[in-house]
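Visitor: My questions all concern the structure below.
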Amino acid sequence: MKLSRLFGTTLRESPNEAEVISHQLLLRAGFIRPLATGIFSYLPLAQRAMANIMHIIRTEMNAIGGQEISMPVVHPAELWQQTGRWDAIGAEMGRFKDRNNRAMALAMTHEEVVAALAKSEIRSYRQLPALVYQLQTKWRDDPRPRAGLIRVREFTMLDSYSLDATWEGLDIQYQAHYEAYFNIFRRCELPVVAVQSDTGMMGGQMAHEYMYLTPIGEDSLLFCDACGYSANRQAARFTRPVPTAEAALPLEPVATPHASSIAELAAYLNIPEARTAKAVFFMAEPADGSPAFLVFAVVRGDMEVNETKLSNAVKARDLRPATEAEIRAIGAEPGYASPVGLRGACVIVDELIPVSPNLVAGANQPGFHLRNVNYGRDFTADQVADLASAGDGSPCPQCGAPLRLNRGVEVGNIFKLGTKYSDALECGFSDENGQIQSIIMGSYGIGIGRLLGCIAEEHHDDFGLCWPAAVAPYPVHLTLLSGKNGEPDAAALKLAAELAAAGLEPLFDDRTESAGVKFADADLIGLPLRITVSERALKQGGVEFKQRRA
């Protein structure tokens, strides 16, 4: 490919909207262009790099028995309604009506569709296990797209689905994906770790996420260097300190002017934050589409509410902080709220609250708190659950050593779905005894564009991108520095043809730009090898070559 004919140009400066280095370099090097927030066009260089990633994926998926299919990007609402996700998923799902006023959805994932497919194709246990996969466009109307390809709304994704007759079969296919995904990321030269994660909207019994560790990541991850435990903070467990047992003391109002935060309260009363109860209010939208309701969550004052755990506990599809007006509407006072004597809210407390005696909690009156609040005597909850977030230094749930907090970007995930979707869509098979059983499913995904962005984030220097050879859009950047007698031009054209014939098609910079501009663009685009054909080099009997990373 002649660079003079390549669709897309390099940029000298980074656009203002590009905050992270991968976004800046992919824009400057002519790989991507934005169309709208979180929506990008992929230019020829990006398309070729993504095609190389897809080749790696297909090779690894085929190696574990995968068969490639293609499923529609537009789905009838009925499928999603049968599984309950039509109501359980909020505004992220793209919904519309066709010309016949039939409700439709833009694909954000394909569990419903693959279950419907399996229902039509699988009859007997003899057809199982099966594994199908696709590389296809998805739409999720993310409220906070950012960081270029790291968080977008329209994206291309590998999603594969395992179909099994037994739970042991699911375990085998899950482990096969676990290893295959590590092979994919290794071949793309992206270092990742696998962590336990929340199953989220997918549901099921188990999930792992593949995380690229980077300061730009939005996911908080916890690791134990002593025993190897790792988990996304959304799902991380930790060993709770066991409070010392005490006799319940009499309830006592106490004036606490200007002490509306836990830190201010603890300082004013000269007590540890662990001796207080923290009240946090949310409005929850139920997964079944019923009206929103107020959730009053209580954790110990030295801890934070984990919104994912809370959302799962109350079966909400979405949570948002309650307004002061909504809090006061149930008789609570912002900054001085307490579950004592409260009505009209769903009260849910962390599992430490019932065993933490004589806490200080709000009095639902400005400027006042209550000493010696005890669960069971002074209030009860609609639900007791694990609500607290693990943090840096929290004791590991397996060995008790301090956990280490890190940040990362999720580049892949795997789920044991079980029979959630096959039960809902009556997707079954006839077993050895002629009995109908539900197909046991697994779901596994990798975001192709996000993977490309993370590779760019990992592989760059001060001058531009440094693509791994397996991903690079072209293996060679052939640079022509024309001479007076035309000899370099002829030699470069001959070399370009020979490289292409050998399966090493070059990106041939045939432009009339200066050597400085050409070398700068070669470094910016970041192909693994640069070959320079010049009059000086030819006089010395050859050409110059330079590895991009050298």
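To be explicit about the labels: the chains of the structure tokens are called A, B, and onward in the order shown, and within each one the residues are counted from 1, while ligands get numbers from 1 in the order they are shown.
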Please identify all polymer residues within 8 Å of Trp167 of chain A, counting only C-alpha atoms, omitting same-chain residues fewer than 4 positions from it, and present them as a ChimeraX atom specification.
Guide: /A:171,418,440
Visitor: Using all heavy atoms, can you write the selected residues to a file as an mmCIF file, in the first residue's frame?
Guide:
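And here is the file that came out, selection.cif:
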```
data_model
loop_
_atom_site.group_PDB
_atom_site.id
_atom_site.type_symbol
_atom_site.label_atom_id
_atom_site.label_comp_id
_atom_site.auth_asym_id
_atom_site.auth_seq_id
_atom_site.Cartn_x
_atom_site.Cartn_y
_atom_site.Cartn_z
ATOM 1 N N ASP A 171 -18.021 -26.864 33.146
ATOM 2 C CA ASP A 171 -16.729 -26.612 33.792
ATOM 3 C C ASP A 171 -15.577 -26.784 32.799
ATOM 4 O O ASP A 171 -14.629 -25.988 32.785
ATOM 5 C CB ASP A 171 -16.533 -27.564 34.978
ATOM 6 C CG ASP A 171 -17.476 -27.275 36.130
ATOM 7 O OD1 ASP A 171 -18.033 -26.162 36.177
ATOM 8 O OD2 ASP A 171 -17.659 -28.169 36.982
ATOM 9 N N GLY A 418 -25.271 -21.163 33.355
ATOM 10 C CA GLY A 418 -26.160 -22.227 33.818
ATOM 11 C C GLY A 418 -27.386 -22.344 32.931
ATOM 12 O O GLY A 418 -27.293 -22.321 31.695
ATOM 13 N N ILE A 440 -27.260 -26.345 29.437
ATOM 14 C CA ILE A 440 -26.445 -25.584 30.382
ATOM 15 C C ILE A 440 -25.487 -24.715 29.583
ATOM 16 O O ILE A 440 -24.713 -25.207 28.756
ATOM 17 C CB ILE A 440 -25.698 -26.528 31.339
ATOM 18 C CG1 ILE A 440 -26.711 -27.385 32.114
ATOM 19 C CG2 ILE A 440 -24.811 -25.745 32.300
ATOM 20 C CD1 ILE A 440 -26.088 -28.537 32.872
#
```
Visitor: Extract, using only C-alpha atoms, all DNA, RNA and protein residues at most 12 Å from Met54 of chain A, discarding same-chain residues fewer than 4 positions from it, and format them as a PDB file with N, CA, C and O atoms, in the first residue's frame.
Guide:
```pdb
ATOM      1  N   GLN A  47      -8.506  -1.048  10.657  1.00  0.00           N
ATOM      2  CA  GLN A  47      -9.181  -2.238  10.158  1.00  0.00           C
ATOM      3  C   GLN A  47      -8.220  -3.408   9.997  1.00  0.00           C
ATOM      4  O   GLN A  47      -8.540  -4.543  10.328  1.00  0.00           O
ATOM      5  N   ARG A  48      -7.039  -3.123   9.484  1.00  0.00           N
ATOM      6  CA  ARG A  48      -6.055  -4.191   9.289  1.00  0.00           C
ATOM      7  C   ARG A  48      -5.560  -4.727  10.635  1.00  0.00           C
ATOM      8  O   ARG A  48      -5.386  -5.936  10.810  1.00  0.00           O
ATOM      9  N   ALA A  49      -5.334  -3.831  11.601  1.00  0.00           N
ATOM     10  CA  ALA A  49      -4.900  -4.273  12.924  1.00  0.00           C
ATOM     11  C   ALA A  49      -5.985  -5.119  13.583  1.00  0.00           C
ATOM     12  O   ALA A  49      -5.704  -6.166  14.191  1.00  0.00           O
ATOM     13  N   MET A  50      -7.234  -4.685  13.453  1.00  0.00           N
ATOM     14  CA  MET A  50      -8.335  -5.446  14.043  1.00  0.00           C
ATOM     15  C   MET A  50      -8.513  -6.787  13.330  1.00  0.00           C
ATOM     16  O   MET A  50      -8.867  -7.792  13.963  1.00  0.00           O
ATOM     17  N   ARG A  58      -9.903 -16.129  16.074  1.00  0.00           N
ATOM     18  CA  ARG A  58     -10.485 -17.274  15.365  1.00  0.00           C
ATOM     19  C   ARG A  58      -9.614 -18.515  15.528  1.00  0.00           C
ATOM     20  O   ARG A  58     -10.134 -19.632  15.730  1.00  0.00           O
ATOM     21  N   THR A  59      -8.302 -18.343  15.458  1.00  0.00           N
ATOM     22  CA  THR A  59      -7.395 -19.484  15.601  1.00  0.00           C
ATOM     23  C   THR A  59      -7.564 -20.146  16.960  1.00  0.00           C
ATOM     24  O   THR A  59      -7.662 -21.382  17.072  1.00  0.00           O
ATOM     25  N   GLU A  60      -7.613 -19.330  18.008  1.00  0.00           N
ATOM     26  CA  GLU A  60      -7.723 -19.877  19.360  1.00  0.00           C
ATOM     27  C   GLU A  60      -9.109 -20.452  19.631  1.00  0.00           C
ATOM     28  O   GLU A  60      -9.242 -21.468  20.329  1.00  0.00           O
ATOM     29  N   MET A  61     -10.143 -19.814  19.109  1.00  0.00           N
ATOM     30  CA  MET A  61     -11.496 -20.336  19.316  1.00  0.00           C
ATOM     31  C   MET A  61     -11.701 -21.647  18.559  1.00  0.00           C
ATOM     32  O   MET A  61     -12.320 -22.585  19.075  1.00  0.00           O
ATOM     33  N   ASN A  62     -11.198 -21.718  17.339  1.00  0.00           N
ATOM     34  CA  ASN A  62     -11.321 -22.964  16.577  1.00  0.00           C
ATOM     35  C   ASN A  62     -10.549 -24.091  17.258  1.00  0.00           C
ATOM     36  O   ASN A  62     -10.963 -25.258  17.200  1.00  0.00           O
ATOM     37  N   GLU A  68     -17.764 -20.768  13.999  1.00  0.00           N
ATOM     38  CA  GLU A  68     -18.160 -19.372  13.824  1.00  0.00           C
ATOM     39  C   GLU A  68     -19.527 -19.269  13.156  1.00  0.00           C
ATOM     40  O   GLU A  68     -19.810 -19.952  12.161  1.00  0.00           O
ATOM     41  N   TYR A 133     -19.434 -19.212  18.152  1.00  0.00           N
ATOM     42  CA  TYR A 133     -18.947 -17.867  18.442  1.00  0.00           C
ATOM     43  C   TYR A 133     -19.174 -16.962  17.238  1.00  0.00           C
ATOM     44  O   TYR A 133     -19.401 -17.424  16.117  1.00  0.00           O
ATOM     45  N   GLN A 134     -19.103 -15.658  17.492  1.00  0.00           N
ATOM     46  CA  GLN A 134     -19.222 -14.680  16.404  1.00  0.00           C
ATOM     47  C   GLN A 134     -18.365 -13.464  16.733  1.00  0.00           C
ATOM     48  O   GLN A 134     -17.967 -13.225  17.876  1.00  0.00           O
ATOM     49  N   LEU A 135     -18.069 -12.687  15.701  1.00  0.00           N
ATOM     50  CA  LEU A 135     -17.396 -11.388  15.819  1.00  0.00           C
ATOM     51  C   LEU A 135     -18.359 -10.387  15.201  1.00  0.00           C
ATOM     52  O   LEU A 135     -18.524 -10.350  13.985  1.00  0.00           O
ATOM     53  N   GLN A 136     -18.981  -9.569  16.047  1.00  0.00           N
ATOM     54  CA  GLN A 136     -20.121  -8.809  15.561  1.00  0.00           C
ATOM     55  C   GLN A 136     -20.270  -7.485  16.275  1.00  0.00           C
ATOM     56  O   GLN A 136     -19.745  -7.270  17.364  1.00  0.00           O
ATOM     57  N   THR A 156     -17.213  -3.669  18.292  1.00  0.00           N
ATOM     58  CA  THR A 156     -17.169  -5.026  17.754  1.00  0.00           C
ATOM     59  C   THR A 156     -16.695  -5.960  18.857  1.00  0.00           C
ATOM     60  O   THR A 156     -15.778  -5.637  19.601  1.00  0.00           O
ATOM     61  N   MET A 157     -17.332  -7.115  18.943  1.00  0.00           N
ATOM     62  CA  MET A 157     -17.050  -8.015  20.062  1.00  0.00           C
ATOM     63  C   MET A 157     -17.007  -9.460  19.615  1.00  0.00           C
ATOM     64  O   MET A 157     -17.766  -9.881  18.746  1.00  0.00           O
ATOM     65  N   LEU A 158     -16.061 -10.198  20.183  1.00  0.00           N
ATOM     66  CA  LEU A 158     -16.145 -11.649  20.144  1.00  0.00           C
ATOM     67  C   LEU A 158     -17.091 -12.064  21.249  1.00  0.00           C
ATOM     68  O   LEU A 158     -16.889 -11.712  22.409  1.00  0.00           O
ATOM     69  N   ASP A 159     -18.144 -12.788  20.912  1.00  0.00           N
ATOM     70  CA  ASP A 159     -18.909 -13.456  21.956  1.00  0.00           C
ATOM     71  C   ASP A 159     -19.095 -14.909  21.551  1.00  0.00           C
ATOM     72  O   ASP A 159     -19.477 -15.231  20.433  1.00  0.00           O
ATOM     73  N   ILE A 184      -4.946 -15.663  23.675  1.00  0.00           N
ATOM     74  CA  ILE A 184      -5.251 -14.529  22.787  1.00  0.00           C
ATOM     75  C   ILE A 184      -4.512 -13.280  23.253  1.00  0.00           C
ATOM     76  O   ILE A 184      -3.844 -12.599  22.454  1.00  0.00           O
ATOM     77  N   PHE A 185      -4.603 -12.965  24.524  1.00  0.00           N
ATOM     78  CA  PHE A 185      -3.961 -11.745  25.020  1.00  0.00           C
ATOM     79  C   PHE A 185      -2.438 -11.862  24.971  1.00  0.00           C
ATOM     80  O   PHE A 185      -1.745 -10.874  24.705  1.00  0.00           O
ATOM     81  N   ARG A 187      -0.717 -13.535  22.694  1.00  0.00           N
ATOM     82  CA  ARG A 187      -0.311 -13.355  21.306  1.00  0.00           C
ATOM     83  C   ARG A 187      -0.439 -11.899  20.872  1.00  0.00           C
ATOM     84  O   ARG A 187       0.276 -11.456  19.965  1.00  0.00           O
ATOM     85  N   CYS A 188      -1.351 -11.164  21.508  1.00  0.00           N
ATOM     86  CA  CYS A 188      -1.482  -9.724  21.239  1.00  0.00           C
ATOM     87  C   CYS A 188      -0.493  -8.902  22.062  1.00  0.00           C
ATOM     88  O   CYS A 188      -0.481  -7.669  21.968  1.00  0.00           O
ATOM     89  N   ILE A 446     -14.910 -10.789  24.336  1.00  0.00           N
ATOM     90  CA  ILE A 446     -13.741  -9.906  24.241  1.00  0.00           C
ATOM     91  C   ILE A 446     -14.122  -8.732  23.356  1.00  0.00           C
ATOM     92  O   ILE A 446     -14.619  -8.923  22.233  1.00  0.00           O
ATOM     93  N   GLY A 447     -13.898  -7.507  23.818  1.00  0.00           N
ATOM     94  CA  GLY A 447     -14.133  -6.310  23.020  1.00  0.00           C
ATOM     95  C   GLY A 447     -12.945  -6.037  22.112  1.00  0.00           C
ATOM     96  O   GLY A 447     -11.841  -5.774  22.600  1.00  0.00           O
ATOM     97  N   ILE A 448     -13.156  -6.099  20.800  1.00  0.00           N
ATOM     98  CA  ILE A 448     -12.040  -6.004  19.850  1.00  0.00           C
ATOM     99  C   ILE A 448     -11.454  -4.587  19.833  1.00  0.00           C
ATOM    100  O   ILE A 448     -10.236  -4.391  19.897  1.00  0.00           O
ATOM    101  N   GLY A 449     -12.308  -3.576  19.725  1.00  0.00           N
ATOM    102  CA  GLY A 449     -11.817  -2.204  19.699  1.00  0.00           C
ATOM    103  C   GLY A 449     -11.139  -1.822  21.001  1.00  0.00           C
ATOM    104  O   GLY A 449     -10.096  -1.149  21.003  1.00  0.00           O
ATOM    105  N   LEU A 451      -9.648  -3.838  23.017  1.00  0.00           N
ATOM    106  CA  LEU A 451      -8.367  -4.540  23.014  1.00  0.00           C
ATOM    107  C   LEU A 451      -7.342  -3.774  22.188  1.00  0.00           C
ATOM    108  O   LEU A 451      -6.187  -3.609  22.606  1.00  0.00           O
ATOM    109  N   LEU A 452      -7.753  -3.272  21.024  1.00  0.00           N
ATOM    110  CA  LEU A 452      -6.852  -2.477  20.190  1.00  0.00           C
ATOM    111  C   LEU A 452      -6.377  -1.241  20.956  1.00  0.00           C
ATOM    112  O   LEU A 452      -5.184  -0.907  20.947  1.00  0.00           O
ATOM    113  N   ALA A 470       2.352  -9.251  15.687  1.00  0.00           N
ATOM    114  CA  ALA A 470       1.143 -10.023  15.397  1.00  0.00           C
ATOM    115  C   ALA A 470      -0.073  -9.149  15.155  1.00  0.00           C
ATOM    116  O   ALA A 470      -1.054  -9.599  14.558  1.00  0.00           O
ATOM    117  N   VAL A 471      -0.025  -7.898  15.611  1.00  0.00           N
ATOM    118  CA  VAL A 471      -1.174  -7.003  15.513  1.00  0.00           C
ATOM    119  C   VAL A 471      -0.967  -5.908  14.475  1.00  0.00           C
ATOM    120  O   VAL A 471      -1.933  -5.384  13.908  1.00  0.00           O
TER     121      VAL A 471
END
```
Visitor: Using only C-alpha atoms, determine which residues lie at most 6 Å from segment 476-488 of chain A, disregarding the query and same-chain residues fewer than 5 positions distant; provide the list as a PyMOL selection string.
Guide: chain A and resi 506-510+529-535
Visitor: Restricting it to C-alpha atoms, dump the selection as an mmCIF file, in the first residue's frame.
Guide:
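New file result.cif:
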```cif
data_model
loop_
_atom_site.group_PDB
_atom_site.id
_atom_site.type_symbol
_atom_site.label_atom_id
_atom_site.label_comp_id
_atom_site.auth_asym_id
_atom_site.auth_seq_id
_atom_site.Cartn_x
_atom_site.Cartn_y
_atom_site.Cartn_z
ATOM 1 C CA PRO A 506 4.841 -3.034 3.195
ATOM 2 C CA LEU A 507 3.310 0.343 3.861
ATOM 3 C CA PHE A 508 5.294 2.173 1.174
ATOM 4 C CA ASP A 509 5.949 5.855 1.896
ATOM 5 C CA ASP A 510 6.302 7.143 -1.667
ATOM 6 C CA LEU A 529 10.302 -2.574 11.052
ATOM 7 C CA ARG A 530 11.339 0.449 9.007
ATOM 8 C CA ILE A 531 13.320 -0.018 5.798
ATOM 9 C CA THR A 532 14.756 3.103 4.198
ATOM 10 C CA VAL A 533 15.839 3.182 0.569
ATOM 11 C CA SER A 534 18.102 6.147 -0.134
ATOM 12 C CA GLU A 535 20.863 7.149 -2.529
#
```
Visitor: Please return, as a PyMOL selection string, all residues of segment 362-542 of chain A that DSSP assigns to strand (DSSP E) on the basis of the backbone.
Guide: chain A and resi 362-365+368-373+383-385+404-418+428-430+436-438+440-447+460-461+464-465+476-481+506-509+529-534
Visitor: Show me, as JSON, numbers by chain, the residues that have an atom within 12 Å of segment 84-93 of chain A when counting only C-alpha atoms, minus same-chain residues fewer than 6 positions from it.
Guide: {"A": [74, 75, 76, 77, 78, 103, 104, 105, 106, 107, 108, 109, 110, 111, 112, 138, 139, 140, 141, 142, 143, 144, 145, 152, 153, 154, 200, 201, 202, 203, 284, 285, 286, 287, 288, 289, 290, 291, 311, 312, 315, 316, 317, 318, 319, 420, 421, 423, 424, 425]}
Visitor: Closest to Ala345 of chain A among A:Gln383, A:Ser260, A:Asn306, A:Gln365, using only C-alpha atoms?
Guide: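 Among the listed residues, A:Gln383 lies closest to Ala345 of chain A.
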Visitor: Nearest to Gly148 of chain A: which of A:Ala231, A:Ala501, A:Cys224, A:Leu25 is it, counting only C-alpha atoms?
Guide: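 So, comparing all the options, the nearest one is A:Leu25.
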Visitor: Can you tell me which residues surround segment 27-32 of chain A at a distance of at most 6 Å, considering only C-alpha atoms, apart from same-chain residues fewer than 4 positions away, and format the answer as a list in words?
Guide: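 Those residues are Gly8, Thr9, Thr10, Leu11, Ser41, Tyr42, Leu43, Leu45, Ala46, Leu524 and Ile525 of chain A.
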Visitor: Which residue is closest to Ala522 of chain A? Choose from A:Ala194, A:Ala496, A:Cys396, A:Cys466 and count only C-alpha atoms.
Guide: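 Of the candidates, the smallest distance to Ala522 of chain A is held by A:Cys466.
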Visitor: Find, counting only C-alpha atoms, the residue in A:Ala361, A:Leu26, A:Leu249, A:Val340 that gets nearest to Arg300 of chain A.
Guide: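 Using only C-alpha atoms, Arg300 of chain A sits closest to A:Ala361.
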Visitor: Write out as a list in words which residues come within 10 Å of Ser261 of chain A when counting only C-alpha atoms, dropping same-chain ones fewer than 5 positions away.
Guide: Ala266, Ala267, Lys278, Ala279, Gly301, Pro334, Gly335 and Tyr336 of chain A
Visitor: Suppose we keep C-alpha atoms; can you now write the selection as a PDB file, in the first residue's frame?
Guide:
```pdb
ATOM      1  CA  ALA A 266     -16.196  11.017  65.122  1.00  0.00           C
ATOM      2  CA  ALA A 267     -13.983  14.046  65.776  1.00  0.00           C
ATOM      3  CA  LYS A 278     -23.237   5.493  58.213  1.00  0.00           C
ATOM      4  CA  ALA A 279     -26.543   6.110  56.409  1.00  0.00           C
ATOM      5  CA  GLY A 301     -18.833   4.392  59.687  1.00  0.00           C
ATOM      6  CA  PRO A 334     -29.843  14.405  55.479  1.00  0.00           C
ATOM      7  CA  GLY A 335     -26.589  14.301  57.442  1.00  0.00           C
ATOM      8  CA  TYR A 336     -28.388  13.180  60.615  1.00  0.00           C
TER       9      TYR A 336
END
```
Visitor: Measure the distance from atom CA of Glu544 of chain A to atom CA of Leu504 of chain A in Å and round it to one decimal.
Guide: 16.9 Å
Visitor: Would you list the contacts of segment 323-333 of chain A as a list in words, taking every protein, DNA or RNA residue within 8 Å and counting only C-alpha atoms, but skipping same-chain residues closer than 4 positions in sequence?
Guide: Phe281, Leu294, Ala337, Ser338, Leu342, Arg343, Gly344, Ala345, Asn364, Gln365 and Pro366 of chain A
Visitor: Rank A:Glu264, A:Ser422, A:Gly442, A:Asp302 by their smallest atom-to-atom distance to Ile172 of chain A, using only C-alpha atoms, and report the top residue only.
Guide: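 Closest to Ile172 of chain A, using only C-alpha atoms: A:Gly442.
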Visitor: What are the DSSP alpha helix (DSSP H) residues of segment 164-403 of chain A, as JSON, numbers by chain?
Guide: {"A": [167, 168, 169, 170, 171, 172, 173, 174, 175, 176, 177, 178, 179, 180, 181, 182, 183, 184, 185, 186, 187, 262, 263, 264, 265, 266, 267, 268, 269, 307, 308, 309, 310, 311, 312, 313, 314, 324, 325, 326, 327, 328]}
